[in-house]
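Here's the structure we're looking at; comments come further down.
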Amino acid sequence: MLRRPTRYGSFWFWLCGVMSLLTPLPFERPIHDLERQLEALEAQPNPTETTQDAIRKMRVEIQRLKRDVYENLNPWEMVQVARHEARPKALDYIELVCDEFVELRGDRAFGDDRAILTGFARIDGKKVLLVAQQKGRNLEERLKHNYGMAHPEGYRKALSKMALAAKYGLPIVCLIDTAGAYPGIGAEERGQAYQIAFNLREMSRINTPIVCVVIGEGGSGGALGIGIGDHVAMLQFSYYSVISPEGCAGILWKHPKHADKAAHALRFTSKDLLGFGIIDEIIQEPLGGAHRDHRKMATTLKASILTAIKNLSAMPPGKLLDHRYNKFRKIGRFEERPIEAG
Amino acid sequence: MAAVPSVNEESPPSRPKRPVPDGLWVKCDSCNATVFGKKVEENLGLCPECSHHFYVSAQARIEQLLDEDSFEEWFGELCPVDPLGFTDKKPYAQRLIEEQKRTGMRDACIVGKGHMRGRPLVFGLTDSTFIMGSMGSVVGEKLTRAIEEATRLRMPLVIVSGSGGGARMHEGIFSLMQMGKVSAALGRYHDAGGLYISVLTNPTMGGVAASFASLGDIMIAEPKAMIGFAGPRVVKATVKQNLPDGFQTSEFLLEHGFVDMIVARPELRAEIARLIDYCQMK
């Protein structure tokens, strides 16, 4: 059953999605152009001394340019990187990070939501339970995984597998990548709000280490629904926000075309969140973003996950849940001003 | 770019502020009757013609639900700040001052201790008139402190939600994290055997619905309140079809099994008191 993609959003966003498959992001164009030129030079069968020189120079120039562009991404550009078609998705990491993955399906109540994948996995021999939001890369995959936007049954499945992990003392790894929980009729009928709320409450009490990593989009309650952990990290160019920039712009600027303004105002980049004390770690991406080197990204991610699990496992038993509670308990910015008399 | 469902049309011009029945005459949203404001007020904010539930202010809500002069406000000293330096069409800092002047409240939440028909309890509410009753740091912190106090004092907890805005955008990630914070506090309260009665009023949406408002041991909704996760305009733009009649109302939630009962405002107090009697902490 192939449904029209426009059902999932406006035609405009669909078009953007297709275009970005074919063309580099606007701010990547200079890099892209140089890379094409380099390819052309490298394709010459018998390069002269001068050509070889030019190739070397061009390589250095490309590195410089990548550094330049990617060190100065603005928040809206970062959103595009986080949503990049070629960016590694959860299934890529499952393949590149895990030695094996034993998928466990179904929520025992309604169905098996393909937007969230759950199962046992081994990472460098270490046994974990993996919970991963999968978006898909091409249209077919995206439809299959509903663009990574889960229904209540996805959150219910995630929670029930986490309880299983806790029963056998397995640490939990959550890979977060969603624009948000699915805003549909069925989702509302089946209690999207209730299920996310229930996950928040229960994840705060699951007695086994939980490591959460935002690998792309950390979209609001849909991300937080699998995001209550002891160690919360973000990939460098991912974002984690209370609302999508389009949604925020639609409400406060009255049109989603102002998404770039909202992206600046919301302060949702990994650097912002580390500064605010919301996350524990920024996981560096390869030069020019994760989409340029999946393998390198996966290696860094793997090391980071293993270190986090190791540190959390060293925590004295009984301290873990207090640590998790206090981690969220202390978040908030306010003043305390006495109430004036009268 | 991902296919993000979004509201693509220009939003309709902002609606006039909620019809608070304090004028001489008010028009009922539901039956269109023009009714005497005083009469609505005497009637606990119900339309005398059709029993439509008008918005009632935090103060009126406390007077309606709790025993006279029994309410003692807690943590009133908490004031919102602007952690992001957020500016949309106006700076958030300025918006806060304006909302505080307009409503006489410091933020959208009031918590404290009181009695309901003689039964002591911890009471909290969110008032939808203050930036849509949305939850930022102050709302999250006040509720969390109230829940922790209820846990310590081993008292029942009643929270009346009125939040159209969910998590407050202007405080960004801090607002989102309040959902986790309040829910975690409710987890501890739950472990301690506390009774939490959640009362959903019009509207309870977004991040508020997806956290504390949905976590009651017993869930009560006022009739015909809007309750849901995603706003109806977002749902409509996503699914590209008309929404079923009564979508995201109290009655819809009752039908789908997410509330225990729908209770009209005049009966709320008696009903909550009766429920508390069944659920005495061990």
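Note on naming: chains are A, B, ... as they come in the structure tokens, residues start from 1 per chain, ligands start from 1 in the order shown.
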Write out as CSV the residues of stretch 196-276 of chain A that have any atom within 8 Å of an atom of stretch 280-302 of chain A, one row each with the nearest atom pair and its distance in Å to one decimal, counting only C-alpha atoms, sorted by chain and then rising number.
```
residue,atom,partner,partner_atom,distance
A:His231,CA,A:Asp280,CA,6.2
A:Val232,CA,A:Asp280,CA,5.6
A:Ala233,CA,A:Glu281,CA,4.7
A:Met234,CA,A:Ile282,CA,5.1
A:Leu235,CA,A:Ile283,CA,4.6
A:Gln236,CA,A:Gln284,CA,5.2
A:Phe237,CA,A:Gly289,CA,7.2
A:Ser270,CA,A:Ile282,CA,6.3
A:Lys271,CA,A:Ile282,CA,7.4
A:Leu274,CA,A:Asp280,CA,6.5
```
Emit the selected residues as a JSON list (two decimals), in the first residue's frame, including all heavy atoms.
```json
[["chain", "number", "residue", "atom", "x", "y", "z"],
["A", 231, "HIS", "N", 22.52, 9.11, 31.65],
["A", 231, "HIS", "CA", 23.51, 9.84, 30.87],
["A", 231, "HIS", "C", 22.83, 10.23, 29.56],
["A", 231, "HIS", "O", 22.38, 9.37, 28.82],
["A", 231, "HIS", "CB", 24.72, 8.94, 30.60],
["A", 231, "HIS", "CG", 25.82, 9.63, 29.85],
["A", 231, "HIS", "ND1", 26.81, 10.36, 30.48],
["A", 231, "HIS", "CD2", 26.09, 9.71, 28.53],
["A", 231, "HIS", "CE1", 27.63, 10.86, 29.57],
["A", 231, "HIS", "NE2", 27.22, 10.48, 28.38],
["A", 232, "VAL", "N", 22.71, 11.53, 29.33],
["A", 232, "VAL", "CA", 22.04, 11.99, 28.10],
["A", 232, "VAL", "C", 23.08, 12.72, 27.26],
["A", 232, "VAL", "O", 23.70, 13.68, 27.72],
["A", 232, "VAL", "CB", 20.85, 12.91, 28.41],
["A", 232, "VAL", "CG1", 20.17, 13.35, 27.12],
["A", 232, "VAL", "CG2", 19.84, 12.21, 29.32],
["A", 233, "ALA", "N", 23.27, 12.25, 26.03],
["A", 233, "ALA", "CA", 24.25, 12.85, 25.14],
["A", 233, "ALA", "C", 23.59, 13.26, 23.84],
["A", 233, "ALA", "O", 22.48, 12.83, 23.52],
["A", 233, "ALA", "CB", 25.37, 11.85, 24.86],
["A", 234, "MET", "N", 24.26, 14.15, 23.13],
["A", 234, "MET", "CA", 23.78, 14.54, 21.80],
["A", 234, "MET", "C", 24.94, 14.48, 20.82],
["A", 234, "MET", "O", 26.05, 14.88, 21.16],
["A", 234, "MET", "CB", 23.27, 15.99, 21.82],
["A", 234, "MET", "CG", 21.91, 16.20, 22.45],
["A", 234, "MET", "SD", 21.53, 17.96, 22.62],
["A", 234, "MET", "CE", 21.09, 18.40, 20.93],
["A", 235, "LEU", "N", 24.66, 14.03, 19.61],
["A", 235, "LEU", "CA", 25.65, 14.20, 18.56],
["A", 235, "LEU", "C", 25.77, 15.70, 18.28],
["A", 235, "LEU", "O", 24.80, 16.45, 18.42],
["A", 235, "LEU", "CB", 25.25, 13.46, 17.27],
["A", 235, "LEU", "CG", 25.11, 11.94, 17.34],
["A", 235, "LEU", "CD1", 25.08, 11.36, 15.92],
["A", 235, "LEU", "CD2", 26.25, 11.30, 18.12],
["A", 236, "GLN", "N", 26.95, 16.10, 17.87],
["A", 236, "GLN", "CA", 27.28, 17.52, 17.72],
["A", 236, "GLN", "C", 26.24, 18.32, 16.93],
["A", 236, "GLN", "O", 25.84, 19.41, 17.34],
["A", 236, "GLN", "CB", 28.64, 17.62, 17.03],
["A", 236, "GLN", "CG", 29.23, 19.00, 17.02],
["A", 236, "GLN", "CD", 30.57, 18.98, 16.27],
["A", 236, "GLN", "OE1", 31.01, 17.93, 15.77],
["A", 236, "GLN", "NE2", 31.20, 20.13, 16.21],
["A", 237, "PHE", "N", 25.78, 17.78, 15.82],
["A", 237, "PHE", "CA", 24.88, 18.56, 14.96],
["A", 237, "PHE", "C", 23.42, 18.11, 15.07],
["A", 237, "PHE", "O", 22.62, 18.33, 14.16],
["A", 237, "PHE", "CB", 25.35, 18.52, 13.50],
["A", 237, "PHE", "CG", 26.73, 19.08, 13.32],
["A", 237, "PHE", "CD1", 27.74, 18.32, 12.75],
["A", 237, "PHE", "CD2", 27.04, 20.37, 13.76],
["A", 237, "PHE", "CE1", 29.02, 18.82, 12.60],
["A", 237, "PHE", "CE2", 28.32, 20.88, 13.61],
["A", 237, "PHE", "CZ", 29.31, 20.10, 13.03],
["A", 270, "SER", "N", 23.36, 21.34, 20.49],
["A", 270, "SER", "CA", 24.06, 20.55, 21.51],
["A", 270, "SER", "C", 24.89, 21.45, 22.42],
["A", 270, "SER", "O", 24.96, 21.24, 23.62],
["A", 270, "SER", "CB", 24.93, 19.49, 20.84],
["A", 270, "SER", "OG", 25.89, 20.10, 20.00],
["A", 271, "LYS", "N", 25.48, 22.48, 21.82],
["A", 271, "LYS", "CA", 26.31, 23.40, 22.60],
["A", 271, "LYS", "C", 25.47, 24.16, 23.63],
["A", 271, "LYS", "O", 25.85, 24.31, 24.78],
["A", 271, "LYS", "CB", 26.99, 24.38, 21.64],
["A", 271, "LYS", "CG", 28.30, 24.91, 22.11],
["A", 271, "LYS", "CD", 28.97, 25.68, 20.99],
["A", 271, "LYS", "CE", 29.91, 26.73, 21.56],
["A", 271, "LYS", "NZ", 30.41, 27.62, 20.51],
["A", 274, "LEU", "N", 24.38, 21.72, 26.45],
["A", 274, "LEU", "CA", 25.47, 21.40, 27.38],
["A", 274, "LEU", "C", 25.68, 22.58, 28.32],
["A", 274, "LEU", "O", 25.83, 22.42, 29.53],
["A", 274, "LEU", "CB", 26.75, 21.07, 26.61],
["A", 274, "LEU", "CG", 27.89, 20.53, 27.47],
["A", 274, "LEU", "CD1", 27.60, 19.10, 27.92],
["A", 274, "LEU", "CD2", 29.23, 20.58, 26.74]]
```
message: Run DSSP on the backbone and tell me which residues of stretch 100-179 of chain B come out as strand (DSSP E); list them as an MDAnalysis selection string.
response: chainID B and resid 109:116 119:126 157:163
message: Report, in Å to a single decimal, how far apart atom CA of B:Asp67 and atom CA of B:Gly114 are.
response: 7.3 Å
field: Top pick for closest residue to B:Gly124, considering B:Val138, B:Val158, B:Ala150, B:Leu176 and counting only C-alpha atoms
entry: B:Val158
task: Would you mind telling me which residue in B:Ala58, B:Leu253, B:Leu157, B:Val40 lies nearest to chain A when using only C-alpha atoms?
output: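 Smallest distance to chain A is found for B:Leu253.
Around B:Glu73, within 8 Å and counting only C-alpha atoms, the residues found are Ile110, Val111, Gly112 and Lys113 of chain B, once anything fewer than 6 positions away on its own chain is removed.
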Find the residues around B:Ile173 up to 10 Å (only C-alpha atoms counted), leave out those fewer than 6 positions away in its own chain, and share them as a short mmCIF file (atom, residue, chain, number, x, y, z; two decimals) with all heavy atoms, in the first residue's frame.
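In the end it all went to selection.cif:
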```cif
data_model
loop_
_atom_site.label_atom_id
_atom_site.label_comp_id
_atom_site.auth_asym_id
_atom_site.auth_seq_id
_atom_site.Cartn_x
_atom_site.Cartn_y
_atom_site.Cartn_z
N SER A 220 10.77 17.10 20.89
CA SER A 220 9.77 17.33 21.93
C SER A 220 9.40 16.07 22.72
O SER A 220 10.26 15.23 23.00
CB SER A 220 8.53 17.92 21.24
OG SER A 220 7.64 18.43 22.18
N TYR A 240 17.68 19.28 20.02
CA TYR A 240 16.77 18.70 21.00
C TYR A 240 15.90 19.85 21.49
O TYR A 240 16.40 20.80 22.07
CB TYR A 240 17.58 18.10 22.15
CG TYR A 240 16.86 17.15 23.09
CD1 TYR A 240 17.54 16.55 24.14
CD2 TYR A 240 15.51 16.85 22.94
CE1 TYR A 240 16.91 15.68 25.01
CE2 TYR A 240 14.87 15.98 23.81
CZ TYR A 240 15.58 15.40 24.85
OH TYR A 240 14.94 14.54 25.71
N SER A 241 14.60 19.78 21.17
CA SER A 241 13.79 20.99 21.35
C SER A 241 12.40 20.69 21.89
O SER A 241 11.84 19.62 21.68
CB SER A 241 13.65 21.71 20.01
OG SER A 241 12.85 22.85 20.15
N VAL A 242 11.84 21.68 22.54
CA VAL A 242 10.49 21.59 23.08
C VAL A 242 9.44 21.53 21.97
O VAL A 242 8.36 21.01 22.13
CB VAL A 242 10.23 22.77 24.04
CG1 VAL A 242 10.24 24.11 23.28
CG2 VAL A 242 8.93 22.63 24.80
N ILE A 243 9.79 22.09 20.81
CA ILE A 243 8.87 22.10 19.67
C ILE A 243 9.70 22.21 18.40
O ILE A 243 10.82 22.76 18.44
CB ILE A 243 7.86 23.27 19.79
CG1 ILE A 243 6.79 23.22 18.69
CG2 ILE A 243 8.57 24.61 19.79
CD1 ILE A 243 5.63 24.16 18.91
N LEU A 266 15.10 29.34 19.88
CA LEU A 266 14.84 28.21 20.79
C LEU A 266 16.09 27.68 21.50
O LEU A 266 15.97 26.95 22.47
CB LEU A 266 14.14 27.07 20.03
CG LEU A 266 12.65 27.30 19.75
CD1 LEU A 266 12.14 26.34 18.67
CD2 LEU A 266 11.82 27.16 21.01
N ARG A 267 17.26 28.05 21.01
CA ARG A 267 18.53 27.65 21.66
C ARG A 267 18.59 26.15 21.91
O ARG A 267 18.74 25.70 23.05
CB ARG A 267 18.70 28.41 22.99
CG ARG A 267 18.56 29.91 22.89
CD ARG A 267 19.84 30.61 22.50
NE ARG A 267 20.97 30.29 23.35
CZ ARG A 267 21.27 30.92 24.47
NH1 ARG A 267 20.50 31.91 24.90
NH2 ARG A 267 22.33 30.60 25.16
N PHE A 268 18.50 25.37 20.85
CA PHE A 268 18.37 23.92 21.03
C PHE A 268 19.56 23.11 20.52
O PHE A 268 19.48 21.91 20.38
CB PHE A 268 17.08 23.40 20.41
CG PHE A 268 16.85 23.78 18.96
CD1 PHE A 268 17.88 23.81 18.06
CD2 PHE A 268 15.56 24.09 18.51
CE1 PHE A 268 17.66 24.14 16.72
CE2 PHE A 268 15.32 24.42 17.19
CZ PHE A 268 16.39 24.45 16.29
N ASP A 272 24.29 24.63 23.18
CA ASP A 272 23.38 25.33 24.10
C ASP A 272 23.00 24.41 25.26
O ASP A 272 23.04 24.81 26.42
CB ASP A 272 22.09 25.74 23.37
CG ASP A 272 22.31 26.89 22.40
OD1 ASP A 272 23.10 27.79 22.72
OD2 ASP A 272 21.68 26.88 21.32
N LEU A 273 22.60 23.19 24.93
CA LEU A 273 22.08 22.29 25.96
C LEU A 273 23.15 21.85 26.95
O LEU A 273 22.86 21.67 28.13
CB LEU A 273 21.39 21.07 25.32
CG LEU A 273 19.88 21.28 25.14
CD1 LEU A 273 19.56 22.42 24.22
CD2 LEU A 273 19.19 20.02 24.69
N PHE A 276 23.51 24.75 29.25
CA PHE A 276 22.39 24.85 30.19
C PHE A 276 22.42 23.74 31.24
O PHE A 276 21.58 23.72 32.14
CB PHE A 276 21.05 24.75 29.45
CG PHE A 276 20.74 25.90 28.54
CD1 PHE A 276 20.02 25.71 27.36
CD2 PHE A 276 21.13 27.19 28.87
CE1 PHE A 276 19.71 26.76 26.52
CE2 PHE A 276 20.83 28.26 28.04
CZ PHE A 276 20.12 28.05 26.86
N ILE A 278 21.69 20.64 30.60
CA ILE A 278 20.61 19.70 30.31
C ILE A 278 21.19 18.35 29.88
O ILE A 278 20.67 17.30 30.24
CB ILE A 278 19.71 20.24 29.16
CG1 ILE A 278 19.18 21.63 29.49
CG2 ILE A 278 18.59 19.25 28.82
CD1 ILE A 278 18.03 21.69 30.44
N ILE A 331 16.69 20.69 37.07
CA ILE A 331 16.52 21.50 35.85
C ILE A 331 15.41 22.52 36.03
O ILE A 331 14.29 22.19 36.44
CB ILE A 331 16.23 20.60 34.64
CG1 ILE A 331 17.41 19.64 34.37
CG2 ILE A 331 15.95 21.45 33.39
CD1 ILE A 331 17.17 18.67 33.23
N GLY A 332 15.71 23.75 35.70
CA GLY A 332 14.72 24.82 35.79
C GLY A 332 15.40 26.12 36.14
O GLY A 332 16.38 26.13 36.88
N PRO B 83 15.19 32.41 30.46
CA PRO B 83 16.51 31.74 30.41
C PRO B 83 17.16 31.76 29.03
O PRO B 83 18.37 31.63 28.93
CB PRO B 83 16.18 30.30 30.82
CG PRO B 83 14.74 30.11 30.47
CD PRO B 83 14.10 31.45 30.63
N LEU B 84 16.38 31.94 27.96
CA LEU B 84 16.96 31.87 26.61
C LEU B 84 17.21 33.25 26.01
O LEU B 84 17.84 33.36 24.97
CB LEU B 84 16.02 31.10 25.67
CG LEU B 84 15.49 29.73 26.08
CD1 LEU B 84 14.66 29.14 24.95
CD2 LEU B 84 16.62 28.79 26.44
N GLY B 136 6.38 26.22 32.12
CA GLY B 136 7.80 26.54 32.06
C GLY B 136 8.42 26.10 33.38
O GLY B 136 7.84 25.28 34.11
N SER B 137 9.57 26.67 33.69
CA SER B 137 10.29 26.25 34.90
C SER B 137 9.49 26.47 36.18
O SER B 137 9.52 25.64 37.08
CB SER B 137 11.60 27.02 35.01
OG SER B 137 12.48 26.63 33.99
N ALA B 167 3.97 22.48 26.99
CA ALA B 167 5.25 22.98 27.49
C ALA B 167 5.50 24.36 26.86
O ALA B 167 5.27 24.54 25.67
CB ALA B 167 6.37 22.01 27.14
#
```
Using only C-alpha atoms, which protein or nucleic acid residues come within 10 Å of stretch 198-204 of chain B? Drop anything in the same chain fewer than 5 positions from it, and give the result as a tab-separated table (two decimals) with N, CA, C and O atoms, in the first residue's frame.
```tsv
chain	number	residue	atom	x	y	z
B	53	HIS	N	-19.46	24.98	30.32
B	53	HIS	CA	-18.48	25.35	31.35
B	53	HIS	C	-17.59	26.49	30.86
B	53	HIS	O	-16.72	26.26	30.02
B	54	PHE	N	-17.81	27.68	31.36
B	54	PHE	CA	-16.92	28.80	31.05
B	54	PHE	C	-15.60	28.61	31.77
B	54	PHE	O	-15.50	27.85	32.74
B	55	TYR	N	-14.59	29.33	31.27
B	55	TYR	CA	-13.32	29.41	32.01
B	55	TYR	C	-13.57	30.01	33.39
B	55	TYR	O	-14.36	30.94	33.53
B	56	VAL	N	-12.95	29.46	34.41
B	56	VAL	CA	-12.96	30.16	35.71
B	56	VAL	C	-11.52	30.41	36.15
B	56	VAL	O	-10.63	29.61	35.88
B	124	GLY	N	-3.14	21.75	43.55
B	124	GLY	CA	-2.43	22.55	42.56
B	124	GLY	C	-3.33	22.80	41.37
B	124	GLY	O	-4.27	22.04	41.11
B	125	LEU	N	-3.08	23.88	40.66
B	125	LEU	CA	-3.82	24.10	39.42
B	125	LEU	C	-2.98	24.87	38.42
B	125	LEU	O	-2.05	25.57	38.79
B	126	THR	N	-3.31	24.69	37.17
B	126	THR	CA	-2.73	25.56	36.14
B	126	THR	C	-3.88	26.38	35.55
B	126	THR	O	-4.97	25.85	35.33
B	127	ASP	N	-3.61	27.64	35.33
B	127	ASP	CA	-4.64	28.57	34.88
B	127	ASP	C	-4.37	28.94	33.43
B	127	ASP	O	-3.34	29.53	33.10
B	128	SER	N	-5.32	28.59	32.57
B	128	SER	CA	-5.08	28.73	31.13
B	128	SER	C	-5.04	30.18	30.67
B	128	SER	O	-4.76	30.44	29.50
B	132	MET	N	-1.48	30.77	28.07
B	132	MET	CA	-2.17	29.51	27.76
B	132	MET	C	-1.99	28.43	28.83
B	132	MET	O	-2.12	27.24	28.56
B	133	GLY	N	-1.64	28.85	30.03
B	133	GLY	CA	-1.46	27.85	31.09
B	133	GLY	C	-0.28	26.94	30.84
B	133	GLY	O	-0.19	25.85	31.39
B	134	SER	N	0.65	27.39	30.00
B	134	SER	CA	1.76	26.53	29.60
B	134	SER	C	2.76	26.32	30.73
B	134	SER	O	2.85	27.14	31.65
B	157	LEU	N	-3.35	14.25	46.76
B	157	LEU	CA	-2.96	15.34	45.86
B	157	LEU	C	-4.02	15.51	44.78
B	157	LEU	O	-4.44	14.53	44.18
B	158	VAL	N	-4.46	16.74	44.60
B	158	VAL	CA	-5.41	17.03	43.52
B	158	VAL	C	-4.79	18.12	42.66
B	158	VAL	O	-4.40	19.18	43.17
B	159	ILE	N	-4.67	17.87	41.37
B	159	ILE	CA	-4.20	18.93	40.45
B	159	ILE	C	-5.27	19.15	39.38
B	159	ILE	O	-5.73	18.20	38.73
B	160	VAL	N	-5.68	20.41	39.24
B	160	VAL	CA	-6.66	20.78	38.22
B	160	VAL	C	-5.88	21.41	37.06
B	160	VAL	O	-5.23	22.44	37.24
B	161	SER	N	-5.91	20.78	35.91
B	161	SER	CA	-5.13	21.28	34.77
B	161	SER	C	-5.98	22.10	33.83
B	161	SER	O	-7.08	21.68	33.45
B	162	GLY	N	-5.46	23.25	33.44
B	162	GLY	CA	-6.06	24.05	32.39
B	162	GLY	C	-4.91	24.64	31.60
B	162	GLY	O	-4.40	25.70	31.91
B	163	SER	N	-4.45	23.92	30.60
B	163	SER	CA	-3.26	24.32	29.86
B	163	SER	C	-3.43	24.04	28.38
B	163	SER	O	-3.31	22.90	27.94
B	164	GLY	N	-3.70	25.11	27.61
B	164	GLY	CA	-3.81	24.92	26.17
B	164	GLY	C	-2.44	24.89	25.53
B	164	GLY	O	-2.27	24.43	24.42
B	165	GLY	N	-1.46	25.40	26.25
B	165	GLY	CA	-0.16	25.61	25.62
B	165	GLY	C	0.85	24.48	25.77
B	165	GLY	O	1.88	24.49	25.13
B	166	GLY	N	0.58	23.51	26.64
B	166	GLY	CA	1.55	22.44	26.85
B	166	GLY	C	2.82	22.97	27.48
B	166	GLY	O	2.77	23.81	28.38
B	209	ALA	N	-0.66	17.63	29.03
B	209	ALA	CA	-1.41	16.37	28.89
B	209	ALA	C	-0.43	15.19	28.86
B	209	ALA	O	-0.75	14.12	29.39
B	210	ALA	N	0.74	15.39	28.27
B	210	ALA	CA	1.70	14.30	28.14
B	210	ALA	C	2.62	14.19	29.35
B	210	ALA	O	3.71	13.63	29.26
B	212	PHE	N	2.10	15.37	33.82
B	212	PHE	CA	1.37	15.18	35.08
B	212	PHE	C	-0.14	15.03	34.93
B	212	PHE	O	-0.78	14.28	35.67
B	213	ALA	N	-0.72	15.74	33.94
B	213	ALA	CA	-2.19	15.73	33.84
B	213	ALA	C	-2.74	14.34	33.55
B	213	ALA	O	-3.88	14.03	33.91
B	214	SER	N	-1.95	13.49	32.89
B	214	SER	CA	-2.45	12.16	32.52
B	214	SER	C	-2.11	11.09	33.55
B	214	SER	O	-2.47	9.93	33.37
B	215	LEU	N	-1.40	11.46	34.61
B	215	LEU	CA	-0.84	10.43	35.48
B	215	LEU	C	-1.64	10.20	36.76
B	215	LEU	O	-1.15	9.57	37.70
B	216	GLY	N	-2.87	10.70	36.81
B	216	GLY	CA	-3.68	10.51	38.02
B	216	GLY	C	-3.99	9.04	38.27
B	216	GLY	O	-4.18	8.27	37.34
B	217	ASP	N	-4.05	8.68	39.57
B	217	ASP	CA	-4.59	7.36	39.91
B	217	ASP	C	-6.05	7.33	39.49
B	217	ASP	O	-6.56	6.31	39.06
B	218	ILE	N	-6.68	8.48	39.66
B	218	ILE	CA	-8.05	8.63	39.20
B	218	ILE	C	-8.11	9.86	38.30
B	218	ILE	O	-7.54	10.91	38.63
B	219	MET	N	-8.72	9.68	37.15
B	219	MET	CA	-8.77	10.76	36.15
B	219	MET	C	-10.21	11.27	36.02
B	219	MET	O	-11.12	10.50	35.72
B	220	ILE	N	-10.36	12.57	36.22
B	220	ILE	CA	-11.67	13.20	36.09
B	220	ILE	C	-11.57	14.28	35.01
B	220	ILE	O	-10.55	14.96	34.92
B	221	ALA	N	-12.61	14.42	34.20
B	221	ALA	CA	-12.63	15.53	33.25
B	221	ALA	C	-13.92	16.31	33.41
B	221	ALA	O	-14.97	15.72	33.71
B	222	GLU	N	-13.84	17.62	33.23
B	222	GLU	CA	-15.06	18.42	33.15
B	222	GLU	C	-15.69	18.17	31.78
B	222	GLU	O	-14.99	17.85	30.81
B	223	PRO	N	-17.00	18.32	31.67
B	223	PRO	CA	-17.68	18.03	30.40
B	223	PRO	C	-17.13	18.89	29.25
B	223	PRO	O	-16.81	20.06	29.44
B	224	LYS	N	-17.03	18.27	28.09
B	224	LYS	CA	-16.72	18.95	26.83
B	224	LYS	C	-15.42	19.76	26.85
B	224	LYS	O	-15.27	20.74	26.12
B	225	ALA	N	-14.46	19.34	27.68
B	225	ALA	CA	-13.16	20.01	27.66
B	225	ALA	C	-12.35	19.49	26.47
B	225	ALA	O	-12.52	18.35	26.05
B	226	MET	N	-11.46	20.34	25.93
B	226	MET	CA	-10.52	19.90	24.89
B	226	MET	C	-9.31	19.28	25.58
B	226	MET	O	-8.65	19.95	26.37
B	227	ILE	N	-9.05	18.02	25.27
B	227	ILE	CA	-7.93	17.33	25.91
B	227	ILE	C	-7.21	16.51	24.84
B	227	ILE	O	-7.85	15.75	24.11
B	228	GLY	N	-5.91	16.66	24.74
B	228	GLY	CA	-5.21	15.86	23.73
B	228	GLY	C	-3.73	16.13	23.71
B	228	GLY	O	-3.24	17.01	24.44
B	229	PHE	N	-3.03	15.41	22.87
B	229	PHE	CA	-1.59	15.59	22.74
B	229	PHE	C	-1.29	16.68	21.71
B	229	PHE	O	-0.85	17.76	22.02
B	248	GLN	N	-11.00	14.65	20.57
B	248	GLN	CA	-10.23	15.27	21.66
B	248	GLN	C	-11.09	16.00	22.69
B	248	GLN	O	-10.64	16.95	23.31
B	249	THR	N	-12.31	15.57	22.87
B	249	THR	CA	-13.10	16.12	23.97
B	249	THR	C	-13.07	15.16	25.16
B	249	THR	O	-12.61	14.02	25.03
B	250	SER	N	-13.58	15.60	26.28
B	250	SER	CA	-13.67	14.74	27.47
B	250	SER	C	-14.41	13.45	27.14
B	250	SER	O	-14.01	12.37	27.56
B	259	VAL	N	-10.18	8.46	30.76
B	259	VAL	CA	-10.62	9.11	32.00
B	259	VAL	C	-11.62	8.18	32.70
B	259	VAL	O	-12.31	7.38	32.06
B	261	MET	N	-14.12	9.30	34.75
B	261	MET	CA	-15.46	9.89	34.82
B	261	MET	C	-15.46	11.33	34.34
B	261	MET	O	-14.43	12.01	34.40
B	262	ILE	N	-16.62	11.73	33.87
B	262	ILE	CA	-16.81	13.15	33.54
B	262	ILE	C	-17.70	13.72	34.64
B	262	ILE	O	-18.76	13.15	34.94
B	263	VAL	N	-17.23	14.77	35.24
B	263	VAL	CA	-17.97	15.34	36.37
B	263	VAL	C	-18.21	16.82	36.11
B	263	VAL	O	-17.27	17.56	35.82
B	265	ARG	N	-18.95	20.67	36.94
B	265	ARG	CA	-18.28	21.49	37.95
B	265	ARG	C	-19.00	21.53	39.30
B	265	ARG	O	-18.34	21.41	40.34
B	268	LEU	N	-18.02	18.50	41.37
B	268	LEU	CA	-16.60	18.12	41.49
B	268	LEU	C	-16.16	17.90	42.93
B	268	LEU	O	-15.54	16.90	43.28
B	272	ILE	N	-14.79	14.41	44.41
B	272	ILE	CA	-13.39	14.22	44.82
B	272	ILE	C	-13.32	13.79	46.28
B	272	ILE	O	-12.59	12.86	46.65
```
- request: Using only C-alpha atoms, find the one residue out of A:Val131, A:Gly111, A:Ala223, A:Ala308 that sits nearest to A:Tyr93.
  value: A:Val131
message: as a PyMOL selection string, please: every residue in stretch 59-213 of chain A that DSSP puts in helix (DSSP H, G or I).
response: chain A and resi 59-71+75-82+90-97+139-144+146-148+152-167+185-189+192-203
query: stretch 50-67 of chain A: which residues within 10 Å, counting only C-alpha atoms, same-chain residues fewer than 2 positions away excluded, as a list in words?
result: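 Using only C-alpha atoms, the neighbours found are Glu28, Pro30, Ile31, His32, Asp33, Leu34, Glu35, Gln37, Leu38, Glu39, Ala40, Leu41, Glu42, Gln44, Asn46, Pro47, Thr48, Val69, Tyr70, Glu71, Asn72, Leu287, Gly288 and Gly289 of chain A.
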- prompt: Of the candidates A:Ile279, A:Cys212, A:Leu321, A:Ala179, which shows the shortest atom-to-atom distance to A:Ala150, using only C-alpha atoms?
  reply: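 Among A:Ile279, A:Cys212, A:Leu321, A:Ala179, it is A:Ala179 that comes nearest to A:Ala150.
Considering the residues A:Trp76, A:Ala265, A:Ala86, A:Pro338 and counting only C-alpha atoms, A:Pro24 has its shortest atom-to-atom contact with A:Ala86.
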